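Here is the file final_9.cif (mmCIF, C-alpha atoms).
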```
data_protein
#
loop_
_atom_site.label_atom_id
_atom_site.label_comp_id
_atom_site.auth_asym_id
_atom_site.auth_seq_id
_atom_site.Cartn_x
_atom_site.Cartn_y
_atom_site.Cartn_z
CA MET A 1 -19.35 -338.83 -31.61
CA ARG A 2 -16.20 -340.90 -31.08
CA LYS A 3 -13.49 -340.70 -28.43
CA ILE A 4 -10.53 -342.75 -27.22
CA THR A 5 -10.89 -344.30 -23.77
CA VAL A 6 -8.29 -346.19 -21.74
CA THR A 7 -9.97 -349.46 -20.73
CA GLN A 8 -7.05 -351.03 -18.86
CA LEU A 9 -3.69 -349.80 -17.62
CA GLY A 10 -0.64 -350.60 -19.71
CA THR A 11 2.23 -349.21 -21.78
CA LYS A 12 1.00 -350.52 -25.15
CA PHE A 13 -1.29 -347.66 -26.11
CA ALA A 14 -2.93 -349.41 -29.06
CA GLU A 15 -3.95 -352.32 -26.84
CA VAL A 16 -5.23 -350.46 -23.77
CA ALA A 17 -6.89 -347.43 -25.42
CA LYS A 18 -10.06 -348.10 -27.41
CA LEU A 19 -12.04 -346.02 -29.89
CA VAL A 20 -15.61 -345.87 -28.59
CA GLU A 21 -18.93 -344.20 -29.44
CA ALA A 22 -20.36 -341.66 -27.00
CA ALA A 23 -23.02 -338.99 -26.83
CA ILE A 24 -21.94 -335.44 -27.62
CA PRO A 25 -21.61 -333.78 -24.19
CA THR A 26 -23.53 -330.67 -23.16
CA PRO A 27 -21.51 -327.80 -21.66
CA GLY A 28 -22.29 -327.02 -18.04
CA CYS A 29 -22.06 -323.73 -16.22
CA GLY A 30 -18.80 -321.99 -17.16
CA GLU A 31 -18.02 -324.53 -19.89
CA VAL A 32 -17.90 -324.54 -23.67
CA LEU A 33 -18.29 -327.39 -26.15
CA ILE A 34 -15.43 -327.58 -28.64
CA LYS A 35 -15.42 -329.33 -32.01
CA ASN A 36 -11.87 -330.62 -32.21
CA ARG A 37 -10.15 -330.10 -35.55
CA TYR A 38 -6.66 -331.11 -34.40
CA VAL A 39 -5.29 -333.07 -31.43
CA GLY A 40 -1.69 -333.27 -30.26
CA ILE A 41 0.34 -336.42 -29.69
CA ASN A 42 2.66 -336.54 -26.69
CA ALA A 43 5.08 -339.04 -25.19
CA SER A 44 3.09 -338.66 -21.98
CA ASP A 45 0.03 -340.22 -23.63
CA VAL A 46 1.63 -343.61 -22.93
CA ASN A 47 2.47 -342.71 -19.33
CA TYR A 48 -1.07 -341.53 -18.72
CA ALA A 49 -2.52 -344.74 -20.18
CA ALA A 50 -0.21 -346.71 -17.88
CA GLY A 51 -1.58 -344.87 -14.82
CA ARG A 52 1.79 -343.36 -13.90
CA TYR A 53 0.72 -339.77 -13.35
CA ASP A 54 -2.12 -340.56 -10.98
CA PRO A 55 -1.81 -344.04 -9.43
CA SER A 56 -5.26 -343.69 -7.87
CA GLN A 57 -6.94 -343.34 -11.26
CA ARG A 58 -8.64 -346.45 -12.55
CA PRO A 59 -10.01 -347.24 -16.02
CA PRO A 60 -12.04 -346.38 -17.88
CA PHE A 61 -10.81 -342.81 -18.46
CA ASP A 62 -10.44 -340.68 -21.56
CA ALA A 63 -7.07 -340.17 -23.27
CA GLY A 64 -5.35 -337.18 -24.86
CA PHE A 65 -4.27 -333.83 -23.46
CA GLU A 66 -4.57 -331.04 -26.00
CA GLY A 67 -6.92 -330.00 -28.75
CA LEU A 68 -7.59 -327.15 -31.15
CA GLY A 69 -10.90 -326.36 -32.77
CA TYR A 70 -13.84 -324.01 -32.41
CA VAL A 71 -16.65 -323.43 -29.93
CA THR A 72 -19.98 -325.01 -30.95
CA ALA A 73 -22.02 -324.43 -27.77
CA VAL A 74 -21.66 -322.20 -24.72
CA GLY A 75 -22.78 -322.94 -21.18
CA GLU A 76 -24.12 -320.38 -18.73
CA LYS A 77 -21.54 -317.81 -17.55
CA ALA A 78 -19.02 -318.88 -20.20
CA ASN A 79 -17.70 -315.72 -21.82
CA LEU A 80 -17.03 -317.07 -25.33
CA LYS A 81 -19.01 -317.07 -28.56
CA VAL A 82 -20.00 -319.92 -30.86
CA GLY A 83 -17.51 -320.14 -33.73
CA GLN A 84 -14.55 -318.82 -31.73
CA PRO A 85 -11.32 -320.72 -32.59
CA VAL A 86 -9.64 -322.00 -29.42
CA VAL A 87 -6.88 -324.23 -28.13
CA TYR A 88 -6.90 -325.99 -24.77
CA LEU A 89 -5.10 -328.36 -22.42
CA SER A 90 -7.44 -330.84 -20.73
CA ASN A 91 -7.58 -334.58 -20.09
CA GLY A 92 -9.71 -336.44 -22.62
CA ALA A 93 -8.77 -334.45 -25.72
CA PHE A 94 -8.79 -337.50 -28.03
CA ALA A 95 -12.44 -336.92 -28.91
CA GLU A 96 -14.41 -335.38 -31.73
CA TYR A 97 -16.14 -333.06 -29.26
CA LYS A 98 -14.92 -331.96 -25.82
CA THR A 99 -16.39 -329.85 -23.03
CA VAL A 100 -13.80 -327.62 -21.36
CA ALA A 101 -14.00 -324.93 -18.69
CA ALA A 102 -14.04 -321.59 -20.53
CA LYS A 103 -11.24 -320.28 -18.31
CA GLN A 104 -8.97 -323.11 -19.54
CA VAL A 105 -9.24 -322.32 -23.26
CA VAL A 106 -7.11 -319.85 -25.17
CA PRO A 107 -8.88 -317.88 -27.93
CA LEU A 108 -7.08 -317.91 -31.29
CA PRO A 109 -7.28 -315.68 -34.36
CA GLU A 110 -7.92 -318.70 -36.60
CA VAL A 111 -8.09 -322.51 -36.71
CA ASP A 112 -4.44 -323.14 -37.58
CA PRO A 113 -2.75 -326.38 -36.39
CA ARG A 114 0.55 -324.54 -35.86
CA TYR A 115 -0.91 -322.98 -32.70
CA LEU A 116 -1.54 -326.39 -31.11
CA PRO A 117 2.10 -327.21 -30.17
CA PHE A 118 2.35 -324.10 -27.99
CA MET A 119 -0.18 -325.46 -25.52
CA LEU A 120 1.85 -328.32 -24.07
CA SER A 121 5.18 -328.52 -25.88
CA GLY A 122 5.79 -324.78 -26.05
CA LEU A 123 4.73 -324.09 -22.48
CA THR A 124 6.89 -326.95 -21.21
CA ALA A 125 9.97 -325.55 -22.94
CA ALA A 126 9.49 -321.88 -22.11
CA ILE A 127 8.38 -322.22 -18.50
CA SER A 128 10.88 -324.93 -17.53
CA LEU A 129 13.86 -323.15 -19.07
CA ASP A 130 12.95 -319.85 -17.39
CA LYS A 131 11.63 -320.97 -14.03
CA VAL A 132 13.60 -324.18 -13.44
CA GLY A 133 16.66 -323.94 -15.69
CA GLN A 134 17.02 -320.21 -15.03
CA ILE A 135 18.71 -319.73 -18.40
CA ARG A 136 20.78 -316.61 -18.92
CA LYS A 137 22.42 -314.95 -21.89
CA GLY A 138 25.68 -316.73 -22.68
CA ASP A 139 24.69 -320.08 -21.13
CA LYS A 140 25.64 -323.22 -23.02
CA VAL A 141 22.44 -325.28 -23.19
CA LEU A 142 22.19 -328.92 -24.28
CA ILE A 143 18.77 -330.01 -25.54
CA THR A 144 18.05 -333.68 -26.14
CA ALA A 145 15.50 -334.69 -28.80
CA ALA A 146 15.94 -331.15 -30.07
CA ALA A 147 13.97 -331.64 -33.30
CA GLY A 148 10.90 -333.02 -31.55
CA GLY A 149 7.66 -331.39 -30.44
CA THR A 150 9.02 -329.63 -27.37
CA GLY A 151 12.71 -329.67 -28.32
CA GLN A 152 12.09 -327.31 -31.24
CA PHE A 153 10.75 -324.67 -28.83
CA ALA A 154 13.52 -325.24 -26.31
CA VAL A 155 16.09 -324.49 -29.02
CA GLN A 156 14.35 -321.31 -30.09
CA TRP A 157 13.58 -320.08 -26.57
CA CYS A 158 17.23 -320.43 -25.61
CA LYS A 159 18.36 -318.63 -28.76
CA LEU A 160 15.96 -315.76 -28.06
CA THR A 161 17.57 -315.50 -24.61
CA GLY A 162 21.05 -315.36 -26.12
CA CYS A 163 22.27 -318.86 -25.24
CA GLU A 164 24.59 -321.14 -27.19
CA VAL A 165 22.56 -324.24 -28.07
CA ILE A 166 23.67 -327.83 -28.60
CA GLY A 167 20.91 -330.16 -29.81
CA THR A 168 20.80 -333.93 -30.21
CA CYS A 169 18.83 -335.63 -32.98
CA SER A 170 18.73 -338.88 -34.97
CA SER A 171 19.01 -337.99 -38.66
CA ASP A 172 20.67 -335.66 -41.15
CA ASP A 173 17.26 -334.20 -42.02
CA LYS A 174 16.83 -333.25 -38.38
CA VAL A 175 20.31 -331.69 -38.35
CA LYS A 176 19.24 -329.50 -41.29
CA PHE A 177 16.04 -328.55 -39.49
CA LEU A 178 17.89 -327.65 -36.30
CA LYS A 179 20.18 -325.35 -38.23
CA THR A 180 17.16 -323.51 -39.65
CA ILE A 181 15.91 -322.69 -36.13
CA GLY A 182 19.29 -321.50 -34.87
CA CYS A 183 20.86 -324.50 -33.15
CA ASN A 184 24.61 -323.79 -32.90
CA ARG A 185 25.75 -327.42 -32.73
CA PRO A 186 23.34 -330.11 -33.90
CA ILE A 187 24.56 -333.62 -33.05
CA ASN A 188 23.25 -336.62 -34.97
CA TYR A 189 23.92 -339.24 -32.30
CA LYS A 190 23.69 -342.02 -34.89
CA LYS A 191 26.79 -340.62 -36.58
CA GLU A 192 28.59 -338.88 -33.73
CA ASN A 193 29.24 -340.03 -30.17
CA LEU A 194 27.54 -337.53 -27.87
CA GLU A 195 29.94 -338.11 -24.99
CA LEU A 196 33.03 -337.62 -27.18
CA VAL A 197 31.64 -334.48 -28.84
CA LEU A 198 30.83 -332.89 -25.49
CA LYS A 199 34.22 -333.75 -23.97
CA ALA A 200 36.09 -332.43 -27.01
CA GLU A 201 34.08 -329.31 -27.80
CA TYR A 202 32.72 -328.38 -24.37
CA PRO A 203 35.50 -329.46 -21.99
CA HIS A 204 34.19 -327.27 -19.17
CA GLY A 205 30.70 -328.72 -19.48
CA VAL A 206 27.31 -327.23 -20.28
CA ASP A 207 25.40 -324.86 -18.02
CA VAL A 208 21.89 -326.21 -18.60
CA VAL A 209 20.49 -329.48 -19.95
CA TYR A 210 16.91 -329.87 -21.18
CA GLU A 211 16.55 -333.66 -20.94
CA SER A 212 13.70 -335.87 -22.15
CA ILE A 213 15.34 -339.19 -23.11
CA GLY A 214 16.62 -340.89 -19.96
CA GLY A 215 18.88 -343.96 -19.80
CA ALA A 216 22.37 -343.63 -21.25
CA VAL A 217 21.62 -340.14 -22.59
CA PHE A 218 20.76 -338.95 -19.09
CA GLU A 219 24.05 -340.40 -17.83
CA THR A 220 25.99 -338.54 -20.52
CA CYS A 221 24.23 -335.29 -19.73
CA LEU A 222 24.90 -335.70 -16.03
CA ASN A 223 28.59 -336.36 -16.67
CA ASN A 224 28.97 -333.22 -18.77
CA LEU A 225 27.49 -330.56 -16.52
CA ALA A 226 29.54 -327.46 -15.82
CA VAL A 227 30.17 -326.13 -12.32
CA GLY A 228 26.82 -324.78 -11.15
CA GLY A 229 25.04 -326.66 -13.95
CA ARG A 230 21.30 -327.31 -13.96
CA LEU A 231 19.88 -330.51 -15.44
CA ILE A 232 16.12 -330.25 -16.10
CA VAL A 233 14.28 -333.56 -16.44
CA ILE A 234 11.10 -333.05 -18.46
CA GLY A 235 10.74 -336.72 -19.39
CA ALA A 236 12.41 -340.08 -19.95
CA ILE A 237 10.87 -341.41 -23.15
CA SER A 238 13.36 -344.26 -23.49
CA GLY A 239 11.65 -345.99 -20.57
CA TYR A 240 8.00 -345.10 -21.10
CA THR A 241 7.10 -348.33 -22.87
CA THR A 242 9.12 -350.45 -20.43
CA SER A 243 10.63 -349.32 -17.13
CA PHE A 244 9.41 -346.01 -15.76
CA THR A 245 12.93 -345.22 -14.49
CA GLY A 246 14.14 -344.73 -18.03
CA GLY A 247 17.16 -346.90 -17.27
CA PHE A 248 18.76 -344.49 -14.80
CA LYS A 249 21.88 -346.03 -13.30
CA SER A 250 23.43 -343.13 -11.41
CA SER A 251 21.17 -342.86 -8.37
CA SER A 252 23.80 -344.02 -5.89
CA MET A 253 26.44 -341.64 -7.25
CA LEU A 254 24.12 -338.73 -7.89
CA PRO A 255 24.67 -336.88 -4.57
CA LEU A 256 28.45 -336.96 -5.05
CA LYS A 257 28.22 -335.75 -8.65
CA MET A 258 25.99 -332.86 -7.62
CA LEU A 259 28.29 -331.99 -4.73
CA GLN A 260 31.46 -332.01 -6.84
CA LEU A 261 30.00 -329.50 -9.30
CA SER A 262 27.65 -327.48 -7.08
CA ALA A 263 25.16 -328.67 -9.69
CA SER A 264 21.48 -329.48 -9.43
CA LEU A 265 19.01 -331.98 -10.88
CA ARG A 266 15.58 -330.46 -11.30
CA GLY A 267 12.33 -332.09 -12.34
CA PHE A 268 9.58 -330.28 -14.21
CA PHE A 269 5.89 -331.22 -14.48
CA LEU A 270 3.91 -328.68 -16.46
CA MET A 271 0.67 -328.78 -14.46
CA HIS A 272 2.50 -327.52 -11.36
CA TYR A 273 3.00 -324.21 -13.19
CA SER A 274 -0.58 -323.55 -14.32
CA LYS A 275 -0.47 -320.00 -12.93
CA ASP A 276 2.10 -319.18 -15.63
CA PHE A 277 0.14 -320.61 -18.58
CA LYS A 278 -1.63 -317.44 -19.68
CA GLU A 279 1.45 -315.21 -19.61
CA TYR A 280 3.65 -317.67 -21.49
CA MET A 281 0.98 -318.67 -23.99
CA MET A 282 0.52 -315.02 -24.93
CA ARG A 283 4.27 -314.62 -25.32
CA LEU A 284 4.56 -317.70 -27.54
CA ILE A 285 1.66 -316.64 -29.77
CA SER A 286 3.03 -313.10 -30.04
CA LEU A 287 6.48 -314.35 -31.08
CA PHE A 288 4.89 -316.68 -33.63
CA LYS A 289 2.80 -313.89 -35.14
CA GLN A 290 5.90 -311.69 -35.34
CA GLY A 291 7.77 -314.41 -37.23
CA LYS A 292 10.29 -314.84 -34.41
CA LEU A 293 9.20 -318.37 -33.50
CA ILE A 294 8.66 -321.34 -35.82
CA SER A 295 6.09 -324.02 -35.02
CA SER A 296 6.97 -327.16 -36.98
CA ILE A 297 4.26 -329.81 -37.19
CA ASP A 298 4.29 -333.39 -38.48
CA MET A 299 0.90 -334.62 -39.64
CA GLY A 300 2.14 -337.91 -41.06
CA GLU A 301 2.21 -336.93 -44.73
CA THR A 302 5.36 -338.99 -45.35
CA THR A 303 4.26 -342.09 -43.42
CA PRO A 304 3.20 -345.29 -45.26
CA GLY A 305 -0.45 -344.70 -44.39
CA GLY A 306 -0.40 -341.05 -45.39
CA ALA A 307 -1.56 -338.03 -43.42
CA PHE A 308 -3.00 -338.60 -39.94
CA VAL A 309 -6.67 -337.81 -40.54
CA GLY A 310 -9.41 -339.16 -38.27
CA LEU A 311 -9.42 -340.23 -34.63
CA GLU A 312 -8.53 -343.80 -35.62
CA ARG A 313 -5.13 -342.53 -36.82
CA VAL A 314 -4.13 -341.47 -33.30
CA TYR A 315 -2.66 -344.95 -32.80
CA ASP A 316 -0.46 -344.62 -35.88
CA ALA A 317 0.56 -341.13 -34.79
CA VAL A 318 1.66 -342.38 -31.36
CA GLU A 319 3.74 -345.11 -33.03
CA HIS A 320 5.21 -342.57 -35.43
CA MET A 321 6.34 -340.34 -32.58
CA TYR A 322 7.87 -343.23 -30.64
CA SER A 323 9.73 -344.35 -33.76
CA GLY A 324 11.65 -341.08 -33.57
CA GLN A 325 10.97 -340.18 -37.20
CA ASN A 326 9.00 -337.00 -36.59
CA ILE A 327 10.34 -333.49 -37.01
CA GLY A 328 8.33 -331.14 -34.83
CA LYS A 329 5.03 -331.82 -33.12
CA VAL A 330 2.95 -334.82 -34.21
CA ILE A 331 -0.65 -333.80 -34.85
CA VAL A 332 -3.80 -335.63 -35.98
CA GLU A 333 -6.46 -333.81 -37.98
CA LEU A 334 -10.12 -334.50 -37.27
CA PRO A 335 -12.53 -333.83 -40.18
CA ASP A 336 -14.93 -330.93 -39.75
#
```

Full structure transcribed into C-alpha cells:
Amino acid sequence: MRKITVTQLGTKFAEVAKLVEAAIPTPGCGEVLIKNRYVGINASDVNYAAGRYDPSQRPPFDAGFEGLGYVTAVGEKANLKVGQPVVYLSNGAFAEYKTVAAKQVVPLPEVDPRYLPFMLSGLTAAISLDKVGQIRKGDKVLITAAAGGTGQFAVQWCKLTGCEVIGTCSSDDKVKFLKTIGCNRPINYKKENLELVLKAEYPHGVDVVYESIGGAVFETCLNNLAVGGRLIVIGAISGYTTSFTGGFKSSSMLPLKMLQLSASLRGFFLMHYSKDFKEYMMRLISLFKQGKLISSIDMGETTPGGAFVGLERVYDAVEHMYSGQNIGKVIVELPD
C-alpha cells in the first residue's frame, strides 16, 4: 500500500511530506483495518507537518487526520464487522489502509464522502460554538472563512440555534453559497471592506466571532466585539505557511481591549474535547439525514488537473485549499 509520511519538519507540505510504499498493517487487539475511500484535507495538515502541535515529535511520522472507508479486517475484541462503512479521526490518515482503535471509529449507513467533513470540521464548529462561544438565540455571530470546510458548519449551527450570522468569503460564488445555507450577511472581502461593513451595519459589535484567519482579519474581529463578546480562535491560516503567530499585532493592547468590553478571547483545540465527540457526531449525522444540515464537499472537479483521485493528489488538494478557491470541505478520493 501507499501512505504519506513527513520526512522533515517544514511548512511546505509538498516538500516535507513524501509518498512512500509500506506493508498493509494488521489490526491489533481492539483495532480494525480500514480501506480508505476518502481522506479530508485540513489547514492543520501544514501545521502538523511543521511540528507545531507536538514539538517533541520528530520525523518520520505519518500525515493526515481523517478518513472514511470500510472495515476490511477486525482485531480481537473489536466489535465491528468486515464491510462496515466507517469514518474516523486519527493521525496518519493519508494512507490507502489504516489501523484504528475500534472505539475511535464512527459506523456509517453507507460510504458517502459527505459524512467525512463532520469528523473534524463539523465537530470543531459545533463543539466550539456551544462549549466555548456559548452561543445563544439572538446572538450576532461573525464567521470568517464561512464558505470553507468548517465555516459552512459554523454558519448552519448558529442558524439552527437562532443566531444572526455574518460570514466572510472571497468570491461572489461563495456569497451565493452562503445565502443557500442561511447566512444573513455574506461579505465578499475582496469587494467590501470588512471593517467598514461591521462599523456601519453592526455599530454595537458582534457577540461571538468564529475566527480562523489571523493577521489583519483577527484585528478587525477584535475591534468589533460587543460588550461581553467572545472571540473563538480555531486557527490562523494566514500564518501557517510562514509565521505561526498569524501576524497578530494586538498582544500588548489585548488586555485593555478585553477589559473595556468585558470581552474574552478563547482558544479551541478539538482534541481537548474528545469526550464530546460521540454526542456531537450523532447530532450532526442526524441533522444531515433529516435534511437540516448541508455538507458541501470540494473534490477538485473544477481544478486544472481535474478531480482529486489517488493519494498522489493530496498535494494538489492541499494547495487548492490554501489558494482559497474551495467551497466546502476539500476531499481526496482513493480508488477502491

TODO: Name the residues captured by the PyMOL selection byres ((chain A and resi 300-305) around 8) when it is applied to the shown file; answer as a PyMOL selection string.
DONE: chain A and resi 298-299+306-308+317+320+330-331

Cut-off 12 Å: closest segment 177-283 of chain A/segment 85-92 of chain A atom pairs per residue, using all atoms listed in the file, as CSV:
```
residue,atom,partner,partner_atom,distance
A:Leu270,CA,A:Leu89,CA,10.8
A:Met271,CA,A:Leu89,CA,9.8
A:Ser274,CA,A:Leu89,CA,10.4
A:Phe277,CA,A:Leu89,CA,10.1
A:Lys278,CA,A:Tyr88,CA,11.3
A:Met281,CA,A:Val87,CA,10.5
```

Open item on the list: For the provided coordinates, the residues matched by the PyMOL selection byres ((chain A and resi 8-18) around 6) should be stated as number ranges by chain.
Closed with: A: 4-7, 19, 46, 49-50, 59, 241, 315

Task: Answer key for the PyMOL selection byres ((chain A and resi 64-81) around 6), residues as a list in words - done: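 Here the PyMOL selection byres ((chain A and resi 64-81) around 6) matches Pro27, Gly28, Cys29, Gly30, Glu31, Val32, Leu33, Ile34, Lys35, Asn36, Arg37, Tyr38, Val39, Gly40, Ala63, Val82, Gly83, Gln84, Pro85, Val86, Val87, Tyr88, Leu89, Ser90, Asn91, Gly92, Ala93, Phe94 and Ala102 of chain A.
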
Open item on the list: Can you measure atom CA of Leu311 of chain A to atom CA of Thr26 of chain A for me? One decimal in Å is fine.
Closed with: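 Rounded to one decimal, the two atoms are 20.5 Å apart.
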
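For the choices A:Gln134, A:Val309, A:His204, A:Ala236, the atom-to-atom distance to Glu219 of chain A is smallest for A:Ala236 when using only C-alpha atoms.
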
Cut-off 10 Å: closest segment 42-137 of chain A/segment 143-158 of chain A atom pairs per residue, using only C-alpha atoms, as CSV:
```
residue,atom,partner,partner_atom,distance
A:Asn42,CA,A:Gly149,CA,8.1
A:Ala43,CA,A:Gly149,CA,9.6
A:Pro117,CA,A:Gly149,CA,7.0
A:Phe118,CA,A:Phe153,CA,8.5
A:Leu120,CA,A:Thr150,CA,8.0
A:Ser121,CA,A:Thr150,CA,4.3
A:Gly122,CA,A:Phe153,CA,5.7
A:Leu123,CA,A:Thr150,CA,8.5
A:Thr124,CA,A:Thr150,CA,7.0
A:Ala125,CA,A:Ala154,CA,4.9
A:Ala126,CA,A:Trp157,CA,6.3
A:Ile127,CA,A:Ala154,CA,9.8
A:Ser128,CA,A:Ala154,CA,9.2
A:Leu129,CA,A:Ala154,CA,7.5
A:Asp130,CA,A:Trp157,CA,9.2
A:Ile135,CA,A:Cys158,CA,7.4
A:Arg136,CA,A:Cys158,CA,8.5
A:Lys137,CA,A:Cys158,CA,8.4
```

Residues of the last selection are to be written out with C-alpha atoms, as an mmCIF file, in the frame of the given file.
```
data_model
loop_
_atom_site.group_PDB
_atom_site.id
_atom_site.type_symbol
_atom_site.label_atom_id
_atom_site.label_comp_id
_atom_site.auth_asym_id
_atom_site.auth_seq_id
_atom_site.Cartn_x
_atom_site.Cartn_y
_atom_site.Cartn_z
ATOM 1 C CA ASN A 42 2.660 -336.540 -26.690
ATOM 2 C CA ALA A 43 5.080 -339.040 -25.190
ATOM 3 C CA PRO A 117 2.100 -327.210 -30.170
ATOM 4 C CA PHE A 118 2.350 -324.100 -27.990
ATOM 5 C CA LEU A 120 1.850 -328.320 -24.070
ATOM 6 C CA SER A 121 5.180 -328.520 -25.880
ATOM 7 C CA GLY A 122 5.790 -324.780 -26.050
ATOM 8 C CA LEU A 123 4.730 -324.090 -22.480
ATOM 9 C CA THR A 124 6.890 -326.950 -21.210
ATOM 10 C CA ALA A 125 9.970 -325.550 -22.940
ATOM 11 C CA ALA A 126 9.490 -321.880 -22.110
ATOM 12 C CA ILE A 127 8.380 -322.220 -18.500
ATOM 13 C CA SER A 128 10.880 -324.930 -17.530
ATOM 14 C CA LEU A 129 13.860 -323.150 -19.070
ATOM 15 C CA ASP A 130 12.950 -319.850 -17.390
ATOM 16 C CA ILE A 135 18.710 -319.730 -18.400
ATOM 17 C CA ARG A 136 20.780 -316.610 -18.920
ATOM 18 C CA LYS A 137 22.420 -314.950 -21.890
#
```

Padding of 6 Å on every side, edges along x, y and z, all listed atoms of segment 215-219 of chain A included: what centre and edge lengths in Å, to one decimal, does that box have, as JSON?
```
{"center_x": 21.5, "center_y": -341.5, "center_z": -20.2, "size_x": 17.2, "size_y": 17.0, "size_z": 16.8}
```
